file model_7.csv (CSV, C-alpha atoms and all ligand atoms)
chain,number,residue,atom,x,y,z
A,1412,MET,CA,108.1,68.4,-89.3
A,1413,LEU,CA,107.1,66.3,-86.3
A,1414,LYS,CA,104.4,67.8,-84.1
A,1415,GLU,CA,101.9,66.6,-81.5
A,1416,VAL,CA,98.3,67.3,-82.6
A,1417,LYS,CA,96.8,66.0,-79.3
A,1418,PRO,CA,98.3,63.6,-76.8
A,1419,GLY,CA,99.0,60.4,-78.6
A,1420,ILE,CA,98.3,61.9,-82.0
A,1421,TYR,CA,101.2,63.2,-84.1
A,1422,PHE,CA,101.7,64.9,-87.4
A,1423,VAL,CA,104.5,62.9,-89.1
A,1424,GLY,CA,104.1,64.2,-92.7
A,1425,ALA,CA,106.2,66.6,-94.7
A,1426,ILE,CA,106.0,70.2,-95.9
A,1427,ASP,CA,106.9,70.8,-99.5
A,1428,TRP,CA,107.9,74.5,-99.5
A,1429,ASP,CA,109.3,74.4,-103.0
A,1430,ARG,CA,106.5,72.7,-105.0
A,1431,ARG,CA,105.0,75.1,-107.5
A,1432,LEU,CA,102.9,72.8,-109.7
A,1433,PHE,CA,100.5,70.0,-109.1
A,1434,ASP,CA,99.4,67.5,-111.8
A,1435,GLU,CA,101.8,69.6,-114.0
A,1436,VAL,CA,99.0,72.2,-114.4
A,1437,ILE,CA,97.8,73.5,-111.0
A,1438,PRO,CA,99.9,76.5,-109.7
A,1439,LEU,CA,100.9,76.2,-106.0
A,1440,PRO,CA,102.0,79.7,-105.1
A,1441,ASP,CA,102.3,78.8,-101.4
A,1442,GLY,CA,103.7,75.2,-101.8
A,1443,THR,CA,101.9,72.4,-100.1
A,1444,SER,CA,102.1,69.7,-97.4
A,1445,TYR,CA,101.5,66.0,-97.3
A,1446,ASN,CA,100.1,65.3,-93.9
A,1447,ALA,CA,100.4,61.9,-92.3
A,1448,TYR,CA,99.2,61.3,-88.7
A,1449,LEU,CA,100.3,58.7,-86.2
A,1450,ILE,CA,97.7,57.6,-83.6
A,1451,GLU,CA,99.0,55.6,-80.6
A,1452,GLY,CA,96.2,53.6,-79.0
A,1453,SER,CA,96.7,51.6,-75.8
A,1454,GLU,CA,96.9,48.3,-77.9
A,1455,LYS,CA,97.5,49.2,-81.5
A,1456,THR,CA,99.2,52.0,-83.5
A,1457,ALA,CA,97.7,53.4,-86.7
A,1458,LEU,CA,99.1,55.7,-89.4
A,1459,ILE,CA,96.6,57.8,-91.3
A,1460,ASP,CA,97.9,58.2,-94.9
A,1461,THR,CA,101.5,58.6,-95.9
A,1462,VAL,CA,103.3,61.2,-98.1
A,1463,ASP,CA,104.4,61.9,-101.6
A,1464,PRO,CA,107.3,59.6,-102.6
A,1465,THR,CA,109.6,62.6,-102.9
A,1466,LYS,CA,109.2,63.1,-99.1
A,1467,GLU,CA,109.6,59.5,-98.1
A,1468,GLU,CA,112.9,59.9,-96.2
A,1469,GLU,CA,111.5,62.8,-94.1
A,1470,PHE,CA,108.4,60.8,-93.3
A,1471,LEU,CA,110.4,57.8,-92.2
A,1472,LEU,CA,112.7,60.0,-90.1
A,1473,ASN,CA,109.7,61.5,-88.3
A,1474,LEU,CA,108.6,58.0,-87.3
A,1475,LYS,CA,112.1,57.1,-86.2
A,1476,LYS,CA,112.4,60.3,-84.1
A,1477,LEU,CA,109.1,59.4,-82.5
A,1478,GLY,CA,110.6,56.0,-81.6
A,1479,VAL,CA,107.8,54.1,-83.4
A,1480,LYS,CA,108.8,50.4,-83.3
A,1481,LYS,CA,105.6,48.9,-84.6
A,1482,ILE,CA,102.7,50.1,-86.8
A,1483,ASP,CA,99.7,47.8,-86.9
A,1484,TYR,CA,97.5,49.7,-89.4
A,1485,ILE,CA,98.3,52.0,-92.3
A,1486,VAL,CA,94.9,53.7,-93.1
A,1487,SER,CA,94.8,54.8,-96.8
A,1488,ASN,CA,92.0,57.3,-97.2
A,1489,HIS,CA,92.8,58.0,-100.9
A,1490,ALA,CA,94.9,56.2,-103.5
A,1491,GLU,CA,96.5,59.2,-105.1
A,1492,GLN,CA,100.3,59.0,-104.8
A,1493,ASP,CA,100.8,62.2,-102.8
A,1494,HIS,CA,99.3,60.3,-99.9
A,1495,SER,CA,99.8,56.7,-100.8
A,1496,GLY,CA,103.2,56.9,-102.5
A,1497,ALA,CA,105.2,56.1,-99.3
A,1498,ILE,CA,103.0,53.0,-98.3
A,1499,PRO,CA,105.6,50.6,-99.8
A,1500,ALA,CA,108.4,52.2,-97.8
A,1501,ALA,CA,106.3,52.2,-94.7
A,1502,LEU,CA,105.5,48.5,-95.2
A,1503,LYS,CA,109.2,47.8,-95.7
A,1504,ARG,CA,110.0,49.4,-92.4
A,1505,TYR,CA,106.9,48.0,-90.6
A,1506,PRO,CA,106.3,44.6,-92.4
A,1507,GLU,CA,103.6,43.5,-89.8
A,1508,ALA,CA,101.4,46.5,-90.8
A,1509,LYS,CA,98.1,46.0,-92.6
A,1510,VAL,CA,96.9,48.6,-95.1
A,1511,VAL,CA,93.3,49.5,-94.1
A,1512,THR,CA,91.1,50.8,-96.8
A,1513,ASN,CA,87.9,50.1,-98.8
A,1514,GLN,CA,87.8,47.6,-101.6
A,1515,ARG,CA,87.9,50.2,-104.4
A,1516,CYS,CA,90.9,52.0,-102.9
A,1517,ALA,CA,92.7,48.7,-102.4
A,1518,SER,CA,92.2,47.8,-106.0
A,1519,MET,CA,93.6,51.1,-107.1
A,1520,LEU,CA,96.6,50.9,-104.8
A,1521,MET,CA,97.4,47.5,-106.3
A,1522,ASP,CA,97.3,49.1,-109.7
A,1523,LEU,CA,99.3,52.2,-108.8
A,1524,LEU,CA,101.9,50.8,-106.3
A,1525,PRO,CA,103.5,47.5,-105.5
A,1526,VAL,CA,101.2,46.6,-102.5
A,1527,PRO,CA,100.5,42.9,-102.4
A,1528,GLU,CA,96.9,41.8,-102.0
A,1529,ASP,CA,97.5,40.0,-98.7
A,1530,LYS,CA,98.6,43.2,-97.1
A,1531,PHE,CA,95.1,44.7,-97.1
A,1532,LEU,CA,92.4,44.8,-94.4
A,1533,ILE,CA,89.3,45.8,-96.3
A,1534,VAL,CA,86.7,48.0,-94.4
A,1535,ARG,CA,83.2,49.0,-95.3
A,1536,ASP,CA,81.3,52.2,-94.8
A,1537,LYS,CA,80.8,53.0,-91.1
A,1538,GLU,CA,82.9,50.0,-90.0
A,1539,THR,CA,85.1,50.6,-86.9
A,1540,LEU,CA,88.5,49.4,-85.8
A,1541,SER,CA,89.7,49.4,-82.2
A,1542,LEU,CA,93.2,50.6,-81.2
A,1543,GLY,CA,92.4,49.8,-77.6
A,1544,ASN,CA,91.4,53.1,-76.0
A,1545,LYS,CA,90.8,54.7,-79.3
A,1546,THR,CA,88.4,53.8,-82.1
A,1547,LEU,CA,88.6,54.5,-85.8
A,1548,LYS,CA,85.4,54.8,-87.9
A,1549,PHE,CA,85.6,54.7,-91.6
A,1550,ILE,CA,83.2,56.8,-93.7
A,1551,LEU,CA,83.1,56.3,-97.4
A,1552,ALA,CA,83.0,59.7,-99.2
A,1553,PRO,CA,83.2,58.9,-102.9
A,1554,TRP,CA,84.3,61.6,-105.4
A,1555,VAL,CA,86.2,64.0,-103.2
A,1556,HIS,CA,87.9,63.9,-105.7
A,1557,TRP,CA,88.4,60.3,-106.8
A,1558,PRO,CA,85.9,57.5,-106.6
A,1559,GLU,CA,87.6,55.6,-103.8
A,1560,THR,CA,87.9,58.4,-101.2
A,1561,MET,CA,87.0,57.9,-97.6
A,1562,LEU,CA,87.3,59.7,-94.3
A,1563,THR,CA,88.5,58.3,-91.0
A,1564,TYR,CA,86.9,59.5,-87.7
A,1565,LEU,CA,88.7,59.1,-84.4
A,1566,LYS,CA,85.7,58.8,-82.1
A,1567,GLU,CA,87.2,59.5,-78.6
A,1568,ASP,CA,89.1,62.6,-79.8
A,1569,LYS,CA,86.4,63.7,-82.3
A,1570,ILE,CA,89.0,64.2,-85.0
A,1571,LEU,CA,88.0,63.8,-88.6
A,1572,PHE,CA,90.8,62.9,-91.0
A,1573,THR,CA,89.7,64.0,-94.4
A,1574,CYS,CA,92.7,63.6,-96.7
A,1575,ASP,CA,92.1,65.9,-99.7
A,1576,PHE,CA,88.6,67.0,-98.5
A,1577,PHE,CA,88.8,70.4,-96.9
A,1578,GLY,CA,92.5,70.6,-97.6
A,1579,SER,CA,94.6,73.5,-98.7
A,1580,HIS,CA,97.8,73.7,-100.7
A,1581,LEU,CA,99.7,75.8,-98.1
A,1582,ALA,CA,103.2,75.2,-96.8
A,1583,THR,CA,103.3,76.6,-93.3
A,1584,SER,CA,105.1,75.9,-90.0
A,1585,ASN,CA,101.8,76.4,-88.2
A,1586,LEU,CA,100.2,73.1,-87.4
A,1587,TYR,CA,96.8,74.7,-86.8
A,1588,ALA,CA,94.8,77.0,-89.1
A,1589,ARG,CA,94.9,80.0,-86.8
A,1590,ASP,CA,95.3,82.6,-89.7
A,1591,GLU,CA,91.9,81.9,-91.1
A,1592,ALA,CA,92.1,84.7,-93.7
A,1593,LYS,CA,95.2,83.1,-95.3
A,1594,VAL,CA,93.9,79.6,-95.0
A,1595,TYR,CA,90.6,80.6,-96.5
A,1596,GLU,CA,92.3,81.7,-99.7
A,1597,SER,CA,94.4,78.6,-100.0
A,1598,ALA,CA,91.5,76.3,-99.2
A,1599,LYS,CA,89.3,78.1,-101.8
A,1600,ARG,CA,92.0,77.7,-104.4
A,1601,TYR,CA,92.2,74.0,-103.5
A,1602,TYR,CA,88.4,73.7,-103.8
A,1603,ALA,CA,88.3,75.5,-107.1
A,1604,GLU,CA,91.0,73.5,-108.8
A,1605,ILE,CA,90.4,70.0,-107.3
A,1606,MET,CA,86.9,69.7,-105.8
A,1607,MET,CA,84.6,72.1,-107.8
A,1608,PRO,CA,83.9,69.5,-110.6
A,1609,PHE,CA,82.4,67.3,-107.9
A,1610,ARG,CA,80.3,69.9,-106.2
A,1611,ILE,CA,77.2,67.8,-106.1
A,1612,ASN,CA,79.0,64.8,-104.6
A,1613,ILE,CA,80.7,67.1,-102.1
A,1614,LYS,CA,77.3,68.4,-101.0
A,1615,LYS,CA,76.2,64.8,-100.4
A,1616,ASN,CA,79.3,64.1,-98.4
A,1617,ILE,CA,78.9,67.2,-96.3
A,1618,GLU,CA,75.4,66.0,-95.5
A,1619,LYS,CA,76.8,62.6,-94.6
A,1620,ILE,CA,79.0,64.0,-91.8
A,1621,LYS,CA,76.5,66.6,-90.5
A,1622,ASP,CA,75.7,64.7,-87.3
A,1623,LEU,CA,79.3,63.8,-86.4
A,1624,LYS,CA,80.7,65.7,-83.4
A,1625,ILE,CA,83.9,67.2,-84.7
A,1626,ASP,CA,86.4,69.0,-82.6
A,1627,MET,CA,89.2,69.0,-85.3
A,1628,ILE,CA,89.4,68.4,-89.0
A,1629,ALA,CA,92.8,67.1,-90.0
A,1630,PRO,CA,93.2,67.1,-93.8
A,1631,SER,CA,96.2,65.7,-95.6
A,1632,HIS,CA,97.2,69.1,-97.2
A,1633,GLY,CA,97.6,72.3,-95.2
A,1634,PRO,CA,97.0,73.1,-91.6
A,1635,VAL,CA,94.6,71.3,-89.1
A,1636,TYR,CA,91.3,73.1,-88.4
A,1637,ILE,CA,90.7,73.6,-84.7
A,1638,ASN,CA,87.6,75.6,-85.6
A,1639,PRO,CA,85.9,73.1,-87.9
A,1640,LYS,CA,82.9,75.4,-88.5
A,1641,PHE,CA,85.2,77.8,-90.3
A,1642,ILE,CA,86.0,75.4,-93.2
A,1643,LEU,CA,82.6,73.6,-93.0
A,1644,ASN,CA,80.8,76.9,-93.5
A,1645,ALA,CA,83.1,78.0,-96.3
A,1646,TYR,CA,82.5,74.7,-98.1
A,1647,LYS,CA,78.7,75.0,-97.6
A,1648,ASP,CA,78.9,78.4,-99.3
A,1649,TRP,CA,81.1,77.2,-102.2
A,1650,VAL,CA,78.9,74.2,-103.0
A,1651,SER,CA,75.6,76.0,-102.6
A,1652,ASP,CA,73.7,76.9,-105.8
A,1653,LYS,CA,74.0,80.6,-105.0
A,1654,VAL,CA,76.0,82.8,-107.4
A,1655,LYS,CA,77.3,86.3,-106.7
A,1656,ASN,CA,77.0,89.6,-108.5
A,1657,GLU,CA,80.3,89.0,-110.3
A,1658,VAL,CA,81.5,89.0,-113.9
A,1659,ILE,CA,84.8,87.4,-114.8
A,1660,ILE,CA,86.5,88.3,-118.1
A,1661,PRO,CA,89.4,86.0,-119.2
A,1662,TYR,CA,91.0,87.7,-122.2
A,1663,VAL,CA,94.0,88.0,-124.5
A,1664,SER,CA,94.7,91.0,-126.7
A,1665,MET,CA,97.3,90.8,-129.4
A,1666,HIS,CA,97.2,94.3,-130.8
A,1667,GLY,CA,95.2,96.1,-128.2
A,1668,SER,CA,91.7,96.0,-129.8
A,1669,THR,CA,90.2,93.2,-127.6
A,1670,GLY,CA,91.9,94.8,-124.6
A,1671,LYS,CA,90.1,98.1,-125.3
A,1672,MET,CA,86.8,96.3,-125.4
A,1673,VAL,CA,87.5,94.5,-122.2
A,1674,HIS,CA,88.5,97.7,-120.4
A,1675,TYR,CA,85.4,99.5,-121.7
A,1676,LEU,CA,83.0,96.7,-120.7
A,1677,THR,CA,84.7,96.4,-117.3
A,1678,ASP,CA,84.2,100.1,-116.6
A,1679,GLN,CA,80.5,100.0,-117.8
A,1680,LEU,CA,79.8,97.0,-115.5
A,1681,MET,CA,81.7,98.5,-112.5
A,1682,GLU,CA,79.6,101.8,-112.9
A,1683,LYS,CA,76.5,99.7,-112.7
A,1684,GLY,CA,77.6,98.2,-109.4
A,1685,LEU,CA,78.9,94.8,-110.4
A,1686,THR,CA,82.1,93.2,-109.3
A,1687,VAL,CA,84.3,92.6,-112.4
A,1688,LYS,CA,87.5,90.6,-112.6
A,1689,PRO,CA,89.3,90.8,-115.9
A,1690,TYR,CA,92.2,88.3,-116.3
A,1691,ASN,CA,94.9,88.9,-118.9
A,1692,LEU,CA,95.7,85.3,-119.7
A,1693,THR,CA,99.2,86.1,-120.8
A,1694,ASN,CA,100.3,86.8,-117.2
A,1695,THR,CA,97.5,85.6,-114.9
A,1696,ASP,CA,97.8,82.8,-112.4
A,1697,ILE,CA,95.2,80.4,-113.7
A,1698,GLY,CA,94.4,79.5,-110.1
A,1699,GLU,CA,93.1,83.0,-109.5
A,1700,LEU,CA,90.7,82.5,-112.4
A,1701,ALA,CA,89.6,79.2,-110.9
A,1702,ILE,CA,89.0,80.9,-107.5
A,1703,SER,CA,86.7,83.5,-109.2
A,1704,LEU,CA,84.8,80.7,-110.9
A,1705,VAL,CA,83.6,79.4,-107.5
A,1706,ASP,CA,81.2,82.3,-107.1
A,1707,ALA,CA,80.7,84.3,-110.3
A,1708,ALA,CA,77.4,84.5,-112.1
A,1709,THR,CA,78.8,85.5,-115.5
A,1710,ILE,CA,81.8,84.8,-117.7
A,1711,VAL,CA,82.6,87.1,-120.6
A,1712,ILE,CA,85.2,85.4,-122.8
A,1713,ALA,CA,87.3,87.9,-124.8
A,1714,SER,CA,89.5,86.7,-127.6
A,1715,PRO,CA,91.1,87.9,-130.8
A,1716,THR,CA,90.6,85.6,-133.7
A,1717,VAL,CA,93.8,83.7,-134.5
A,1718,LEU,CA,93.8,81.5,-137.7
A,1719,PHE,CA,90.0,81.5,-137.7
A,1720,GLY,CA,89.7,80.4,-134.0
A,1721,LEU,CA,90.1,81.4,-130.4
A,1722,HIS,CA,93.5,82.5,-129.3
A,1723,PRO,CA,95.2,79.3,-127.9
A,1724,SER,CA,95.5,80.8,-124.4
A,1725,VAL,CA,91.8,81.6,-124.4
A,1726,LEU,CA,91.0,78.2,-125.7
A,1727,PHE,CA,93.0,76.7,-122.8
A,1728,ALA,CA,91.2,78.9,-120.2
A,1729,THR,CA,87.8,78.0,-121.8
A,1730,TYR,CA,88.6,74.3,-121.7
A,1731,LEU,CA,89.7,74.5,-118.1
A,1732,THR,CA,86.5,76.4,-117.2
A,1733,ASN,CA,84.4,73.7,-118.8
A,1734,ILE,CA,86.1,70.8,-116.9
A,1735,LEU,CA,86.0,72.7,-113.6
A,1736,LYS,CA,82.2,72.9,-114.0
A,1737,PRO,CA,81.6,76.1,-112.1
A,1738,LYS,CA,78.0,77.2,-111.3
A,1739,LEU,CA,78.1,80.0,-113.8
A,1740,LYS,CA,74.6,81.1,-115.1
A,1741,PHE,CA,75.5,83.4,-118.0
A,1742,ALA,CA,78.2,83.7,-120.7
A,1743,ALA,CA,79.0,86.2,-123.5
A,1744,VAL,CA,81.7,86.5,-126.1
A,1745,ILE,CA,83.6,89.6,-127.2
A,1746,GLY,CA,86.7,90.2,-129.3
A,1747,SER,CA,88.3,91.6,-132.4
A,1748,TYR,CA,89.0,89.9,-135.7
A,1749,GLY,CA,90.9,90.7,-138.9
A,1750,TRP,CA,88.9,89.0,-141.7
A,1751,GLY,CA,86.6,86.4,-140.1
A,1752,GLY,CA,86.4,83.3,-138.1
A,1753,ARG,CA,84.3,80.9,-136.1
A,1754,ILE,CA,85.2,81.7,-132.5
A,1755,VAL,CA,81.6,81.7,-131.2
A,1756,ASP,CA,80.8,78.1,-132.4
A,1757,GLN,CA,84.2,77.0,-131.1
A,1758,LEU,CA,83.6,78.6,-127.7
A,1759,LYS,CA,80.1,77.2,-127.3
A,1760,ALA,CA,81.3,73.7,-128.2
A,1761,THR,CA,84.1,74.0,-125.7
A,1762,LEU,CA,81.8,75.1,-122.9
A,1763,ASN,CA,79.5,72.1,-123.4
A,1764,ASN,CA,79.5,71.0,-119.7
A,1765,LEU,CA,78.0,74.3,-118.5
A,1766,LYS,CA,74.3,75.1,-118.3
A,1767,VAL,CA,74.9,78.8,-119.2
A,1768,GLU,CA,72.6,81.2,-121.0
A,1769,PHE,CA,74.4,83.1,-123.7
A,1770,LEU,CA,73.7,86.8,-123.3
A,1771,GLY,CA,75.3,88.2,-126.4
A,1772,THR,CA,78.3,88.4,-128.8
A,1773,VAL,CA,80.2,91.5,-129.7
A,1774,LEU,CA,82.7,90.9,-132.4
A,1775,VAL,CA,84.5,93.8,-134.0
A,1776,ARG,CA,86.6,94.1,-137.2
A,1777,GLY,CA,89.8,95.7,-136.1
A,1778,THR,CA,89.7,98.4,-133.5
A,1779,PRO,CA,86.4,99.1,-131.7
A,1780,LYS,CA,84.5,102.1,-133.1
A,1781,LYS,CA,81.7,104.2,-131.6
A,1782,GLU,CA,79.0,101.8,-132.8
A,1783,ASP,CA,80.9,98.8,-131.4
A,1784,LEU,CA,81.1,100.5,-128.0
A,1785,GLU,CA,77.4,101.0,-128.1
A,1786,LYS,CA,77.0,97.2,-128.6
A,1787,LEU,CA,79.2,96.7,-125.5
A,1788,ASP,CA,76.8,99.1,-123.6
A,1789,GLU,CA,73.9,96.9,-124.7
A,1790,LEU,CA,75.8,93.8,-123.5
A,1791,ALA,CA,76.4,95.4,-120.2
A,1792,GLU,CA,72.7,96.2,-119.9
A,1793,GLU,CA,71.8,92.6,-120.7
A,1794,ILE,CA,74.2,91.4,-118.0
A,1795,VAL,CA,72.7,93.8,-115.4
A,1796,LYS,CA,69.2,92.6,-116.4
A,1797,ALA,CA,70.1,89.0,-116.0
A,1798,HIS,CA,71.7,89.6,-112.6
A,1799,ASN,CA,68.7,91.6,-111.6
A,1800,GLU,CA,66.4,88.7,-112.4
A,1801,LEU,CA,68.4,86.5,-110.1
A,1802,ASN,CA,68.2,89.2,-107.3
A,1803,LEU,CA,72.0,89.5,-107.2
A,1804,PHE,CA,72.1,93.2,-106.5
B,1,LIG,FE1,96.2,65.1,-102.4
B,1,LIG,FE2,94.0,63.6,-104.6
B,1,LIG,O1,95.6,63.9,-103.7
call {"tool": "encode", "arguments": {"input": "model_7.csv", "output": "structure tokens", "more": "lines below"}}
Ligand code: FEO
result
Amino acid sequence: MLKEVKPGIYFVGAIDWDRRLFDEVIPLPDGTSYNAYLIEGSEKTALIDTVDPTKEEEFLLNLKKLGVKKIDYIVSNHAEQDHSGAIPAALKRYPEAKVVTNQRCASMLMDLLPVPEDKFLIVRDKETLSLGNKTLKFILAPWVHWPETMLTYLKEDKILFTCDFFGSHLATSNLYARDEAKVYESAKRYYAEIMMPFRINIKKNIEKIKDLKIDMIAPSHGPVYINPKFILNAYKDWVSDKVKNEVIIPYVSMHGSTGKMVHYLTDQLMEKGLTVKPYNLTNTDIGELAISLVDAATIVIASPTVLFGLHPSVLFATYLTNILKPKLKFAAVIGSYGWGGRIVDQLKATLNNLKVEFLGTVLVRGTPKKEDLEKLDELAEEIVKAHNELNLF
């Protein structure tokens, strides 16, 4: 796809309609895009990021269609290969170009790609680079989501090129994010899976750009924001310390007993006015679980005991929850067992990144009986009490 973003500024990236997995773990139900942008100044031409190596041909074709004879600068905002992977091909086509980036990113690019050291033009935080009638300003924004990440601000047009930051895994023919409800879901999924572990750094980086006058945010995944407030406000909400009156229950049930407990507890909590999201891990999209982790106050992990431990699918979801570092406040464990086990210790050890208060454990031998359901009533009361104390109702 080749499109004009504004006069003299072009989208020259590629849409990946078919990609369904990122990092071999993150589901991409709506595909993704690798956005590269060409900026034609009166004296110099700059490229902002490139594309994934699998889309190199399409990217080079876009530049050819545009009649680009010379590129002076290839700005690399982030070293990960879905944006940097086509830098060697771009350098081969445009050998006079310099790769403009910070020292940390340059060092990573030399490790990840064959980019020779003499090809780099190293920039520092807040440094500017003139293209003639247009000026690029570089803003270091570490840990969104790698340590070397930076943003590029095009002063005259007030466009902030943010690479992964504010991005969405969404393949669409729309250049701009006009369907905000659709983009919101994709951007939240992206935040949950990629950015959430760096929530505190992201807060600092949002603060860093708060005085910039921004007319457009042009990320390197998903559509361009012509209403920057939409995505800035969404991010401010996601990174805030506030949690919502929500309980998520990832679970597996092998013979129906844990499932019965989950459904009983779900009903009890719903009747008390909480939003409850049970996820059967045998068929759930793990990205949906991640999205719920952005806001939820409580997680109840429900697992049968398998060979003395958590069901492997529950262990995977618990591990994922731990490394995504959501702002959960409370946790509980429920499940059924045959003869014994140690799932509580295993679960607490797996959630060691989280600062959660454990509200209770309900483990049942076999199928849940009347007295077991009463214990679930008590757990529901504990959850309501905890949410009340945080004024979540
Ligand atoms: Fe889209 Fe971190 O790469």
call {"tool": "residues_near_point", "arguments": {"input": "model_7.csv", "point": "(94.3, 62.6, -82.7)", "cutoff": "7 Å", "atoms": "only C-alpha atoms", "output": "list in words"}}
result
Val1416, Lys1417, Gly1419, Ile1420, Ile1450, Leu1565, Asp1568 and Ile1570 of chain A
call {"tool": "closest_atom_pairs", "arguments": {"input": "model_7.csv", "of": "chain A", "to": "ligand LIG 1 (chain B)", "cutoff": "8 Å", "atoms": "only C-alpha atoms and all ligand atoms", "output": "CSV"}}
result
residue,atom,partner,partner_atom,distance
A:Tyr1445,CA,B:LIG1,FE1,7.4
A:His1489,CA,B:LIG1,FE2,6.8
A:Ala1490,CA,B:LIG1,FE2,7.5
A:Glu1491,CA,B:LIG1,O1,5.0
A:Gln1492,CA,B:LIG1,O1,6.9
A:Asp1493,CA,B:LIG1,FE1,5.5
A:His1494,CA,B:LIG1,FE1,6.2
A:Val1555,CA,B:LIG1,FE2,7.9
A:His1556,CA,B:LIG1,FE2,6.2
A:Trp1557,CA,B:LIG1,FE2,6.9
A:Cys1574,CA,B:LIG1,FE1,6.9
A:Asp1575,CA,B:LIG1,FE1,5.0
A:Ile1605,CA,B:LIG1,FE2,7.8
A:Ser1631,CA,B:LIG1,FE1,6.8
A:His1632,CA,B:LIG1,FE1,6.6
call {"tool": "atom_distance", "arguments": {"input": "model_7.csv", "atom1": "CA of Thr1778 in chain A", "atom2": "CA of Leu1790 in chain A"}}
result
17.7 Å
call {"tool": "residues_around", "arguments": {"input": "model_7.csv", "residues": "Val1462 in chain A", "least_positions_apart": "4", "cutoff": "10 Å", "atoms": "only C-alpha atoms", "output": "number ranges by chain"}}
result
A: 1423-1426, 1444-1447, 1466-1471, 1491-1498, 1631
call {"tool": "residues_around", "arguments": {"input": "model_7.csv", "residues": "Ser1579 in chain A", "least_positions_apart": "3", "cutoff": "6 Å", "atoms": "only C-alpha atoms", "output": "PyMOL selection string"}}
result
chain A and resi 1597-1598+1601+1632-1633
call {"tool": "residues_around", "arguments": {"input": "model_7.csv", "residues": "Asp1529 in chain A", "least_positions_apart": "3", "cutoff": "9 Å", "atoms": "all atoms listed in the file", "output": "VMD selection string"}}
result
chain A and resid 1509 1526 1532
call {"tool": "atom_distance", "arguments": {"input": "model_7.csv", "atom1": "CA of Asn1691 in chain A", "atom2": "CA of Tyr1748 in chain A"}}
result
17.8 Å
call {"tool": "closest_residue", "arguments": {"input": "model_7.csv", "among": "A:Val1744, A:Leu1676, A:Val1479, A:His1580", "to": "Glu1596 in chain A", "atoms": "all atoms listed in the file"}}
result
A:His1580
call {"tool": "residues_around", "arguments": {"input": "model_7.csv", "residues": "Gly1670 in chain A", "least_positions_apart": "2", "cutoff": "10 Å", "atoms": "all atoms listed in the file", "output": "PyMOL selection string"}}
result
chain A and resi 1662-1668+1672-1676+1689+1691+1713-1715+1746-1747+1778-1779
call {"tool": "closest_residue", "arguments": {"input": "model_7.csv", "among": "A:Ala1743, A:Ile1611, A:Ala1701, A:Leu1692", "to": "Val1725 in chain A", "atoms": "all atoms listed in the file"}}
result
A:Leu1692
call {"tool": "closest_residue", "arguments": {"input": "model_7.csv", "among": "A:Lys1548, A:Arg1504, A:Lys1569, A:His1722", "to": "Asn1488 in chain A", "atoms": "only C-alpha atoms"}}
result
A:Lys1548
call {"tool": "residues_around", "arguments": {"input": "model_7.csv", "residues": "Ala1760 in chain A", "least_positions_apart": "6", "cutoff": "12 Å", "atoms": "all atoms listed in the file", "output": "PyMOL selection string"}}
result
chain A and resi 1721+1726+1729-1730+1733+1753-1754
call {"tool": "closest_atom_pairs", "arguments": {"input": "model_7.csv", "of": "range 1561-1618 of chain A", "to": "range 1641-1656 of chain A", "cutoff": "9 Å", "atoms": "all atoms listed in the file", "output": "tab-separated table"}}
result
residue	atom	partner	partner_atom	distance
A:Phe1577	CA	A:Ile1642	CA	6.8
A:Glu1591	CA	A:Phe1641	CA	7.9
A:Tyr1595	CA	A:Ile1642	CA	7.7
A:Ala1598	CA	A:Ile1642	CA	8.2
A:Lys1599	CA	A:Trp1649	CA	8.3
A:Tyr1602	CA	A:Trp1649	CA	8.3
A:Ala1603	CA	A:Trp1649	CA	8.9
A:Met1607	CA	A:Val1650	CA	7.7
A:Arg1610	CA	A:Val1650	CA	5.5
A:Ile1611	CA	A:Val1650	CA	7.3
A:Ile1613	CA	A:Val1650	CA	7.4
A:Lys1614	CA	A:Val1650	CA	6.3
A:Ile1617	CA	A:Lys1647	CA	7.9
call {"tool": "residues_near_point", "arguments": {"input": "model_7.csv", "point": "(84.2, 96.7, -137.8)", "cutoff": "12 Å", "atoms": "all atoms listed in the file", "output": "mmCIF file with C-alpha atoms, in the frame of the given file"}}
result
data_model
loop_
_atom_site.group_PDB
_atom_site.id
_atom_site.type_symbol
_atom_site.label_atom_id
_atom_site.label_comp_id
_atom_site.auth_asym_id
_atom_site.auth_seq_id
_atom_site.Cartn_x
_atom_site.Cartn_y
_atom_site.Cartn_z
ATOM 1 C CA SER A 1668 91.700 96.000 -129.800
ATOM 2 C CA GLY A 1746 86.700 90.200 -129.300
ATOM 3 C CA SER A 1747 88.300 91.600 -132.400
ATOM 4 C CA TYR A 1748 89.000 89.900 -135.700
ATOM 5 C CA GLY A 1749 90.900 90.700 -138.900
ATOM 6 C CA TRP A 1750 88.900 89.000 -141.700
ATOM 7 C CA GLY A 1751 86.600 86.400 -140.100
ATOM 8 C CA VAL A 1773 80.200 91.500 -129.700
ATOM 9 C CA LEU A 1774 82.700 90.900 -132.400
ATOM 10 C CA VAL A 1775 84.500 93.800 -134.000
ATOM 11 C CA ARG A 1776 86.600 94.100 -137.200
ATOM 12 C CA GLY A 1777 89.800 95.700 -136.100
ATOM 13 C CA THR A 1778 89.700 98.400 -133.500
ATOM 14 C CA PRO A 1779 86.400 99.100 -131.700
ATOM 15 C CA LYS A 1780 84.500 102.100 -133.100
ATOM 16 C CA LYS A 1781 81.700 104.200 -131.600
ATOM 17 C CA GLU A 1782 79.000 101.800 -132.800
ATOM 18 C CA ASP A 1783 80.900 98.800 -131.400
ATOM 19 C CA LEU A 1784 81.100 100.500 -128.000
ATOM 20 C CA LYS A 1786 77.000 97.200 -128.600
#
call {"tool": "decode", "arguments": {"input": "model_7.csv", "residues": "range 1429-1433 of chain A", "atoms": "C-alpha atoms", "output": "tab-separated table (two decimals), in the first residue's frame"}}
result
chain	number	residue	atom	x	y	z
A	1429	ASP	CA	-2.43	-13.16	6.96
A	1430	ARG	CA	-0.18	-13.01	10.01
A	1431	ARG	CA	-1.85	-14.73	12.95
A	1432	LEU	CA	0.96	-14.98	15.50
A	1433	PHE	CA	3.62	-12.60	16.78
